[in-house]
Amino acid sequence: MVSPNSHRPPESMDSLRFLCARRIIAQRPLPSIPAGLYPVLFQAAFLDRKPLVLQDLVATWPFPVLHFQRLLGHPELLRDHSSVQAVIQAVVAQLQRELEEPSCDFNLRVLDVTRLPDSVAFCTSSGFSSWCSTKDLAKACLEVSKQQQEFQRGRSKPHKGPSGADTATAAPQVPGVDIHADLYANVTSHWILHTALQAGAAGPLRLKCREFQAGELTASKIVTLLESLDPSCVRRVYLVENFLGLKGLLEILPRLSRFPELRSLKLWYNSVNLLPESANGIRCVAKQLGMLPKLREFSLGSCKVSGNLRQLLCDLQAPLESLELASCSLVPADLTFLSQSFHAPALKRLDLSGHDFSQGLFEPLQLLLEEASASLLYLELRDCHMNDSHLEALLPTLRRCSRLRYLRLHGNSLSTAVLKDLLQKILELPDLHKVLYPFPVDCYKVELLEYGRKFVQDKELFEAATAEFSQILENSGRTDVIWTCFPMGCKALDYFSL
């Protein structure tokens, strides 16, 4: 049976089906329910925070797959840790029952909780607390594994058969449940995660990692975790703030070739410097990257590249579609190489934040954007020392990026006048969805202090500028475009959502 929640969008909260679902879940035990109503009942029970109803629904779930994101639609809803825990506990309870009664009717075989946030802070009667999804999933796997071992020990105890001889009953094998999840490992969770991955590999509750993130860990601990993951599902590895250095990175990279579906590699704040004096190390990194045939996103953050981008990317088998090189100390030769490479016309996502484009990098940037203009969907040039003259010179190139959806320019010194010109002209792009612009430089005022002065935001000037921006959007019939200068709540677009 194919689950309708695989294709049907989440119900609107004011739809008749949803309102009826709320009436049904108000009673417990639940009445007999047609299979087609399970998805909307799950949505209602999750949104209304009814953990007991959620457990009842999971126990009788009529489909082989329960996919959180497809059922609920909005990732922020997954922050309700109590409802998520109720579902996980229900799966554990049903697997324990399946161990004891192999003939019991339990249809669920895949629980997909990808995009679940790893850490959620919440308030309790005794103060603030937090919930860690990775640790909770690991504990669930260990709990079921322990139950299986105890059950097998009980079954393996000899007892007298009909002939009087000692016999042992073999424990039945149950199909179990695969949990598809994004896993986060740090100093507090890496040990229990590693234990769960080992225990659950052949157990009834198995973790299947889609995206793996490790922070503040040594290279050896990261290697141990990577070697414990099921290789079939991993599409992204994200290493952040591990301070690996080039030596640690070279210890980790050979382990990535065991993941045939790996499409994204993100390396942020790992103290990796790829300078000319590290020529042998750069060649080794390039060789390992070349052994990842499906790699389409490569991200470096605060990693000194400085003229070695060609050597770093030279062995890649296919063009990159997403490239992040924020604060990587690029030089003109790096951008010139990129504009002439087979990556440029394939780029959908480009982040070159943290570079000074007021100097020699500006012309190579223009050439790169020209080459990427037919494919580029997302461009981020945050904190790039650009002023009005730079944006005016770049604007004709931006207008040729015909598929551009997202543009992020915050952290640059731009005036209201040039921002108005940008807005009027960039609205010609039919797919444009969101622009994050900097607070206009002419909307600051000087405030004198006892020992100097400081610049503060002028509320009245900014409100006047905002009114002008809104009028341009309205006159152009493009009120659908999000034009904002507030980074909070304006998350960078993920490669896999493009």
# chains A, B, ... in the order shown; residues from 1 in each chain; ligands from 1
$ residues_around --residues "A:Cys328" --least-positions-apart "4" --cutoff "8 Å" --atoms "only C-alpha atoms" --output "PyMOL selection string"
chain A and resi 300-306+354-355
$ residues_around --residues "A:Pro117" --least-positions-apart "5" --cutoff "8 Å" --atoms "only C-alpha atoms" --output "list in words"
Leu78, Arg79 and Ser133 of chain A
$ write_last_selection --atoms "all heavy atoms" --output "short mmCIF file (atom, residue, chain, number, x, y, z; two decimals), in the first residue's frame"
data_model
loop_
_atom_site.label_atom_id
_atom_site.label_comp_id
_atom_site.auth_asym_id
_atom_site.auth_seq_id
_atom_site.Cartn_x
_atom_site.Cartn_y
_atom_site.Cartn_z
N LEU A 78 8.60 20.81 13.50
CA LEU A 78 9.35 19.68 14.04
C LEU A 78 10.09 20.03 15.32
O LEU A 78 10.72 19.18 15.94
CB LEU A 78 10.35 19.16 13.00
CG LEU A 78 9.74 18.69 11.68
CD1 LEU A 78 10.81 18.20 10.74
CD2 LEU A 78 8.71 17.60 11.90
N ARG A 79 10.01 21.28 15.75
CA ARG A 79 10.66 21.70 16.99
C ARG A 79 9.84 21.28 18.22
O ARG A 79 10.29 21.47 19.35
CB ARG A 79 10.90 23.21 17.00
CG ARG A 79 11.76 23.68 15.85
CD ARG A 79 12.11 25.16 15.97
NE ARG A 79 13.03 25.38 17.08
CZ ARG A 79 14.34 25.24 17.01
NH1 ARG A 79 14.90 24.86 15.87
NH2 ARG A 79 15.11 25.47 18.06
N SER A 133 17.83 15.62 19.48
CA SER A 133 17.18 14.58 18.68
C SER A 133 18.12 13.40 18.41
O SER A 133 17.70 12.24 18.46
CB SER A 133 16.68 15.16 17.35
OG SER A 133 17.75 15.65 16.58
#
$ residues_around --residues "A:Asp383" --least-positions-apart "4" --cutoff "6 Å" --atoms "only C-alpha atoms" --output "list in words"
Ser353, Gly354, Gly411 and Asn412 of chain A
$ write_last_selection --atoms "N, CA, C and O atoms" --output "PDB file, in the first residue's frame"
ATOM      1  N   SER A 353      31.145  35.500   0.085  1.00  0.00           N
ATOM      2  CA  SER A 353      31.127  36.489   1.160  1.00  0.00           C
ATOM      3  C   SER A 353      32.497  36.626   1.816  1.00  0.00           C
ATOM      4  O   SER A 353      33.332  35.718   1.773  1.00  0.00           O
ATOM      5  N   GLY A 354      32.704  37.798   2.440  1.00  0.00           N
ATOM      6  CA  GLY A 354      33.914  38.005   3.226  1.00  0.00           C
ATOM      7  C   GLY A 354      35.152  38.313   2.423  1.00  0.00           C
ATOM      8  O   GLY A 354      36.266  38.179   2.932  1.00  0.00           O
ATOM      9  N   GLY A 411      25.738  43.784   4.757  1.00  0.00           N
ATOM     10  CA  GLY A 411      27.117  43.981   5.195  1.00  0.00           C
ATOM     11  C   GLY A 411      27.943  44.823   4.250  1.00  0.00           C
ATOM     12  O   GLY A 411      29.159  44.927   4.416  1.00  0.00           O
ATOM     13  N   ASN A 412      27.305  45.438   3.230  1.00  0.00           N
ATOM     14  CA  ASN A 412      28.007  46.336   2.322  1.00  0.00           C
ATOM     15  C   ASN A 412      27.503  47.770   2.516  1.00  0.00           C
ATOM     16  O   ASN A 412      26.396  47.983   3.025  1.00  0.00           O
TER      17      ASN A 412
END
$ residues_around --residues "stretch 364-379 of chain A" --least-positions-apart "5" --cutoff "9 Å" --atoms "only C-alpha atoms" --output "count of residues only"
39
$ atom_distance --atom1 "atom CA of A:Phe469" --atom2 "atom CA of A:His433"
15.1 Å
$ select_by_dssp --residues "stretch 243-423 of chain A" --states "helix (DSSP H, G or I)" --output "PyMOL selection string"
chain A and resi 245-258+276-289+309-313+332-340+344-346+362-372+388-399+416-423
$ write_last_selection --atoms "C-alpha atoms" --output "mmCIF file, in the first residue's frame"
data_model
loop_
_atom_site.group_PDB
_atom_site.id
_atom_site.type_symbol
_atom_site.label_atom_id
_atom_site.label_comp_id
_atom_site.auth_asym_id
_atom_site.auth_seq_id
_atom_site.Cartn_x
_atom_site.Cartn_y
_atom_site.Cartn_z
ATOM 1 C CA GLY A 245 44.103 21.234 10.238
ATOM 2 C CA LEU A 246 45.238 19.823 6.906
ATOM 3 C CA LYS A 247 46.558 16.651 8.584
ATOM 4 C CA GLY A 248 43.210 15.862 10.215
ATOM 5 C CA LEU A 249 41.314 16.571 6.998
ATOM 6 C CA LEU A 250 43.542 14.146 5.090
ATOM 7 C CA GLU A 251 42.736 11.504 7.698
ATOM 8 C CA ILE A 252 39.005 11.938 7.127
ATOM 9 C CA LEU A 253 38.661 12.414 3.352
ATOM 10 C CA PRO A 254 39.549 8.813 2.315
ATOM 11 C CA ARG A 255 36.563 7.564 4.359
ATOM 12 C CA LEU A 256 34.103 9.582 2.273
ATOM 13 C CA SER A 257 34.498 7.468 -0.853
ATOM 14 C CA ARG A 258 32.431 4.719 0.825
ATOM 15 C CA PRO A 276 51.521 27.106 -1.654
ATOM 16 C CA GLU A 277 53.794 25.592 0.986
ATOM 17 C CA SER A 278 51.195 22.830 1.407
ATOM 18 C CA ALA A 279 51.430 21.705 -2.237
ATOM 19 C CA ASN A 280 51.636 17.964 -1.441
ATOM 20 C CA GLY A 281 48.697 18.191 0.948
ATOM 21 C CA ILE A 282 46.617 20.094 -1.623
ATOM 22 C CA ARG A 283 47.306 17.383 -4.226
ATOM 23 C CA CYS A 284 46.146 14.736 -1.740
ATOM 24 C CA VAL A 285 42.956 16.671 -0.974
ATOM 25 C CA ALA A 286 42.247 17.135 -4.692
ATOM 26 C CA LYS A 287 42.763 13.422 -5.324
ATOM 27 C CA GLN A 288 40.292 12.465 -2.574
ATOM 28 C CA LEU A 289 37.705 14.962 -3.849
ATOM 29 C CA LEU A 309 41.588 26.866 -6.138
ATOM 30 C CA ARG A 310 42.590 25.374 -9.499
ATOM 31 C CA GLN A 311 44.787 22.749 -7.806
ATOM 32 C CA LEU A 312 42.076 21.980 -5.267
ATOM 33 C CA LEU A 313 39.264 21.333 -7.768
ATOM 34 C CA PRO A 332 42.097 37.235 -8.680
ATOM 35 C CA ALA A 333 43.633 34.077 -10.161
ATOM 36 C CA ASP A 334 41.148 31.928 -8.208
ATOM 37 C CA LEU A 335 38.107 33.697 -9.643
ATOM 38 C CA THR A 336 39.658 33.823 -13.117
ATOM 39 C CA PHE A 337 40.151 30.039 -12.999
ATOM 40 C CA LEU A 338 36.594 29.553 -11.814
ATOM 41 C CA SER A 339 35.128 31.705 -14.612
ATOM 42 C CA GLN A 340 37.062 29.653 -17.207
ATOM 43 C CA ALA A 344 30.889 28.280 -13.936
ATOM 44 C CA PRO A 345 28.007 27.506 -16.363
ATOM 45 C CA ALA A 346 26.672 24.833 -13.964
ATOM 46 C CA PHE A 362 35.918 42.982 -8.820
ATOM 47 C CA GLU A 363 36.577 42.392 -12.525
ATOM 48 C CA PRO A 364 37.113 38.604 -12.073
ATOM 49 C CA LEU A 365 33.814 38.556 -10.148
ATOM 50 C CA GLN A 366 32.015 40.197 -13.069
ATOM 51 C CA LEU A 367 33.478 37.640 -15.486
ATOM 52 C CA LEU A 368 32.451 34.754 -13.230
ATOM 53 C CA LEU A 369 28.882 36.012 -12.914
ATOM 54 C CA GLU A 370 28.675 36.448 -16.694
ATOM 55 C CA GLU A 371 29.625 32.803 -17.173
ATOM 56 C CA ALA A 372 27.203 31.632 -14.466
ATOM 57 C CA ASP A 388 27.479 52.376 -4.575
ATOM 58 C CA SER A 389 29.929 52.505 -7.490
ATOM 59 C CA HIS A 390 30.596 48.761 -7.278
ATOM 60 C CA LEU A 391 26.921 47.829 -7.236
ATOM 61 C CA GLU A 392 26.165 50.211 -10.122
ATOM 62 C CA ALA A 393 28.922 48.516 -12.152
ATOM 63 C CA LEU A 394 27.691 45.044 -11.184
ATOM 64 C CA LEU A 395 24.010 45.695 -11.852
ATOM 65 C CA PRO A 396 24.049 45.001 -15.643
ATOM 66 C CA THR A 397 25.602 41.601 -14.910
ATOM 67 C CA LEU A 398 23.053 40.855 -12.188
ATOM 68 C CA ARG A 399 20.224 41.655 -14.596
ATOM 69 C CA THR A 416 19.062 54.307 -0.403
ATOM 70 C CA ALA A 417 19.372 55.723 -3.930
ATOM 71 C CA VAL A 418 21.433 52.848 -5.312
ATOM 72 C CA LEU A 419 19.254 50.298 -3.497
ATOM 73 C CA LYS A 420 16.160 51.819 -5.125
ATOM 74 C CA ASP A 421 17.858 51.558 -8.519
ATOM 75 C CA LEU A 422 18.792 47.940 -7.782
ATOM 76 C CA LEU A 423 15.241 47.098 -6.759
#
$ residues_around --residues "stretch 37-52 of chain A" --least-positions-apart "4" --cutoff "6 Å" --atoms "only C-alpha atoms" --output "list in words"
Ala21, Arg22, Ser83 and Ala86 of chain A
$ atom_distance --atom1 "atom CA of A:Ser189" --atom2 "atom CA of A:Cys233"
20.8 Å
$ residues_around --residues "stretch 99-105 of chain A" --least-positions-apart "6" --cutoff "12 Å" --atoms "only C-alpha atoms" --output "list of chain:residue names"
A:Val58, A:Ala59, A:Thr60, A:Trp61, A:Pro62, A:Phe63, A:Pro64, A:Val92, A:Ala93, A:Val144, A:Ser145, A:Lys146, A:Gln147, A:Gln148, A:Gln149, A:Glu150, A:Phe151, A:Gln152, A:Gly154, A:Arg155, A:Ala171, A:Pro172, A:Gln173, A:Val174, A:Pro175, A:Gly176, A:Gly203, A:Pro204, A:Leu205
$ residues_around --residues "A:Thr479" --least-positions-apart "4" --cutoff "8 Å" --atoms "only C-alpha atoms" --output "VMD selection string"
chain A and resid 470 473 to 474
$ select_by_dssp --residues "stretch 61-271 of chain A" --states "strand (DSSP E)" --output "PyMOL selection string"
chain A and resi 65-67+110-112+119-124+127-132+159-160+166-167+177-185+205-215+236-240+264-268
$ decode --residues "stretch 12-28 of chain A" --atoms "all heavy atoms" --output "mmCIF file, in the first residue's frame"
data_model
loop_
_atom_site.group_PDB
_atom_site.id
_atom_site.type_symbol
_atom_site.label_atom_id
_atom_site.label_comp_id
_atom_site.auth_asym_id
_atom_site.auth_seq_id
_atom_site.Cartn_x
_atom_site.Cartn_y
_atom_site.Cartn_z
ATOM 1 N N SER A 12 -4.599 22.188 4.954
ATOM 2 C CA SER A 12 -4.741 23.511 5.535
ATOM 3 C C SER A 12 -5.482 23.383 6.858
ATOM 4 O O SER A 12 -6.407 22.582 6.999
ATOM 5 C CB SER A 12 -5.522 24.411 4.583
ATOM 6 O OG SER A 12 -5.889 25.611 5.231
ATOM 7 N N MET A 13 -5.053 24.198 7.861
ATOM 8 C CA MET A 13 -5.646 24.088 9.188
ATOM 9 C C MET A 13 -7.110 24.510 9.213
ATOM 10 O O MET A 13 -7.823 24.196 10.175
ATOM 11 C CB MET A 13 -4.840 24.920 10.185
ATOM 12 C CG MET A 13 -3.458 24.349 10.455
ATOM 13 S SD MET A 13 -2.513 25.334 11.619
ATOM 14 C CE MET A 13 -3.474 25.110 13.115
ATOM 15 N N ASP A 14 -7.581 25.220 8.179
ATOM 16 C CA ASP A 14 -8.988 25.602 8.156
ATOM 17 C C ASP A 14 -9.795 24.770 7.156
ATOM 18 O O ASP A 14 -10.950 25.095 6.869
ATOM 19 C CB ASP A 14 -9.142 27.095 7.844
ATOM 20 C CG ASP A 14 -8.484 27.486 6.527
ATOM 21 O OD1 ASP A 14 -7.898 26.598 5.878
ATOM 22 O OD2 ASP A 14 -8.555 28.676 6.169
ATOM 23 N N SER A 15 -9.198 23.687 6.630
ATOM 24 C CA SER A 15 -9.929 22.822 5.717
ATOM 25 C C SER A 15 -10.940 21.990 6.501
ATOM 26 O O SER A 15 -10.796 21.749 7.701
ATOM 27 C CB SER A 15 -8.980 21.899 4.950
ATOM 28 O OG SER A 15 -8.457 20.904 5.813
ATOM 29 N N LEU A 16 -11.982 21.564 5.814
ATOM 30 C CA LEU A 16 -13.021 20.762 6.474
ATOM 31 C C LEU A 16 -12.442 19.451 6.999
ATOM 32 O O LEU A 16 -12.785 19.008 8.103
ATOM 33 C CB LEU A 16 -14.167 20.495 5.486
ATOM 34 C CG LEU A 16 -15.355 19.703 6.041
ATOM 35 C CD1 LEU A 16 -15.976 20.436 7.226
ATOM 36 C CD2 LEU A 16 -16.396 19.485 4.939
ATOM 37 N N ARG A 17 -11.556 18.827 6.207
ATOM 38 C CA ARG A 17 -10.939 17.563 6.651
ATOM 39 C C ARG A 17 -10.161 17.768 7.951
ATOM 40 O O ARG A 17 -10.222 16.942 8.866
ATOM 41 C CB ARG A 17 -9.989 17.029 5.564
ATOM 42 C CG ARG A 17 -10.676 16.226 4.470
ATOM 43 C CD ARG A 17 -9.731 15.975 3.317
ATOM 44 N NE ARG A 17 -8.521 15.287 3.739
ATOM 45 C CZ ARG A 17 -8.382 13.955 3.752
ATOM 46 N NH1 ARG A 17 -9.369 13.182 3.369
ATOM 47 N NH2 ARG A 17 -7.241 13.417 4.126
ATOM 48 N N PHE A 18 -9.420 18.873 8.030
ATOM 49 C CA PHE A 18 -8.616 19.110 9.234
ATOM 50 C C PHE A 18 -9.504 19.381 10.441
ATOM 51 O O PHE A 18 -9.242 18.885 11.548
ATOM 52 C CB PHE A 18 -7.657 20.291 9.001
ATOM 53 C CG PHE A 18 -6.606 20.426 10.064
ATOM 54 C CD1 PHE A 18 -5.426 19.711 9.991
ATOM 55 C CD2 PHE A 18 -6.803 21.255 11.167
ATOM 56 C CE1 PHE A 18 -4.458 19.815 10.973
ATOM 57 C CE2 PHE A 18 -5.847 21.372 12.157
ATOM 58 C CZ PHE A 18 -4.665 20.652 12.060
ATOM 59 N N LEU A 19 -10.556 20.159 10.253
ATOM 60 C CA LEU A 19 -11.477 20.442 11.362
ATOM 61 C C LEU A 19 -12.167 19.170 11.843
ATOM 62 O O LEU A 19 -12.343 18.968 13.053
ATOM 63 C CB LEU A 19 -12.507 21.487 10.915
ATOM 64 C CG LEU A 19 -11.940 22.877 10.585
ATOM 65 C CD1 LEU A 19 -13.027 23.788 10.033
ATOM 66 C CD2 LEU A 19 -11.290 23.507 11.817
ATOM 67 N N CYS A 20 -12.525 18.308 10.905
ATOM 68 C CA CYS A 20 -13.127 17.014 11.285
ATOM 69 C C CYS A 20 -12.110 16.145 12.022
ATOM 70 O O CYS A 20 -12.456 15.452 12.985
ATOM 71 C CB CYS A 20 -13.645 16.291 10.045
ATOM 72 S SG CYS A 20 -15.087 17.064 9.291
ATOM 73 N N ALA A 21 -10.855 16.195 11.558
ATOM 74 C CA ALA A 21 -9.808 15.403 12.212
ATOM 75 C C ALA A 21 -9.644 15.828 13.666
ATOM 76 O O ALA A 21 -9.447 14.992 14.554
ATOM 77 C CB ALA A 21 -8.492 15.551 11.453
ATOM 78 N N ARG A 22 -9.725 17.123 13.911
ATOM 79 C CA ARG A 22 -9.603 17.619 15.290
ATOM 80 C C ARG A 22 -10.735 17.084 16.171
ATOM 81 O O ARG A 22 -10.529 16.815 17.356
ATOM 82 C CB ARG A 22 -9.592 19.141 15.302
ATOM 83 C CG ARG A 22 -8.218 19.725 15.013
ATOM 84 C CD ARG A 22 -8.153 21.201 15.277
ATOM 85 N NE ARG A 22 -6.776 21.610 15.549
ATOM 86 C CZ ARG A 22 -6.293 22.817 15.299
ATOM 87 N NH1 ARG A 22 -7.079 23.728 14.777
ATOM 88 N NH2 ARG A 22 -5.048 23.119 15.584
ATOM 89 N N ARG A 23 -11.918 16.946 15.605
ATOM 90 C CA ARG A 23 -13.036 16.389 16.382
ATOM 91 C C ARG A 23 -12.792 14.917 16.702
ATOM 92 O O ARG A 23 -13.091 14.444 17.802
ATOM 93 C CB ARG A 23 -14.342 16.542 15.590
ATOM 94 C CG ARG A 23 -14.786 17.981 15.380
ATOM 95 C CD ARG A 23 -15.260 18.605 16.676
ATOM 96 N NE ARG A 23 -16.395 17.909 17.252
ATOM 97 C CZ ARG A 23 -17.671 18.168 16.957
ATOM 98 N NH1 ARG A 23 -17.946 19.152 16.086
ATOM 99 N NH2 ARG A 23 -18.646 17.494 17.514
ATOM 100 N N ILE A 24 -12.211 14.203 15.726
ATOM 101 C CA ILE A 24 -11.983 12.763 15.924
ATOM 102 C C ILE A 24 -10.934 12.513 16.996
ATOM 103 O O ILE A 24 -11.109 11.650 17.873
ATOM 104 C CB ILE A 24 -11.573 12.098 14.587
ATOM 105 C CG1 ILE A 24 -12.731 12.135 13.597
ATOM 106 C CG2 ILE A 24 -11.104 10.664 14.819
ATOM 107 C CD1 ILE A 24 -12.367 11.669 12.205
ATOM 108 N N ILE A 25 -9.808 13.283 16.958
ATOM 109 C CA ILE A 25 -8.732 13.025 17.921
ATOM 110 C C ILE A 25 -9.069 13.515 19.320
ATOM 111 O O ILE A 25 -8.336 13.258 20.275
ATOM 112 C CB ILE A 25 -7.398 13.660 17.466
ATOM 113 C CG1 ILE A 25 -7.501 15.189 17.436
ATOM 114 C CG2 ILE A 25 -6.959 13.083 16.129
ATOM 115 C CD1 ILE A 25 -6.186 15.888 17.205
ATOM 116 N N ALA A 26 -10.192 14.228 19.455
ATOM 117 C CA ALA A 26 -10.610 14.680 20.789
ATOM 118 C C ALA A 26 -11.138 13.531 21.625
ATOM 119 O O ALA A 26 -11.262 13.640 22.841
ATOM 120 C CB ALA A 26 -11.666 15.776 20.659
ATOM 121 N N GLN A 27 -11.458 12.401 20.964
ATOM 122 C CA GLN A 27 -11.957 11.231 21.691
ATOM 123 C C GLN A 27 -10.898 10.133 21.716
ATOM 124 O O GLN A 27 -10.129 9.983 20.782
ATOM 125 C CB GLN A 27 -13.241 10.709 21.044
ATOM 126 C CG GLN A 27 -13.128 10.489 19.541
ATOM 127 C CD GLN A 27 -14.438 10.127 18.907
ATOM 128 O OE1 GLN A 27 -15.139 9.237 19.396
ATOM 129 N NE2 GLN A 27 -14.796 10.809 17.827
ATOM 130 N N ARG A 28 -10.854 9.430 22.799
ATOM 131 C CA ARG A 28 -9.904 8.334 22.951
ATOM 132 C C ARG A 28 -10.525 7.270 23.821
ATOM 133 O O ARG A 28 -11.086 7.601 24.870
ATOM 134 C CB ARG A 28 -8.590 8.844 23.571
ATOM 135 C CG ARG A 28 -7.431 7.877 23.430
ATOM 136 C CD ARG A 28 -6.110 8.552 23.810
ATOM 137 N NE ARG A 28 -5.022 7.605 23.681
ATOM 138 C CZ ARG A 28 -4.569 6.856 24.697
ATOM 139 N NH1 ARG A 28 -5.082 6.983 25.905
ATOM 140 N NH2 ARG A 28 -3.597 5.991 24.497
#
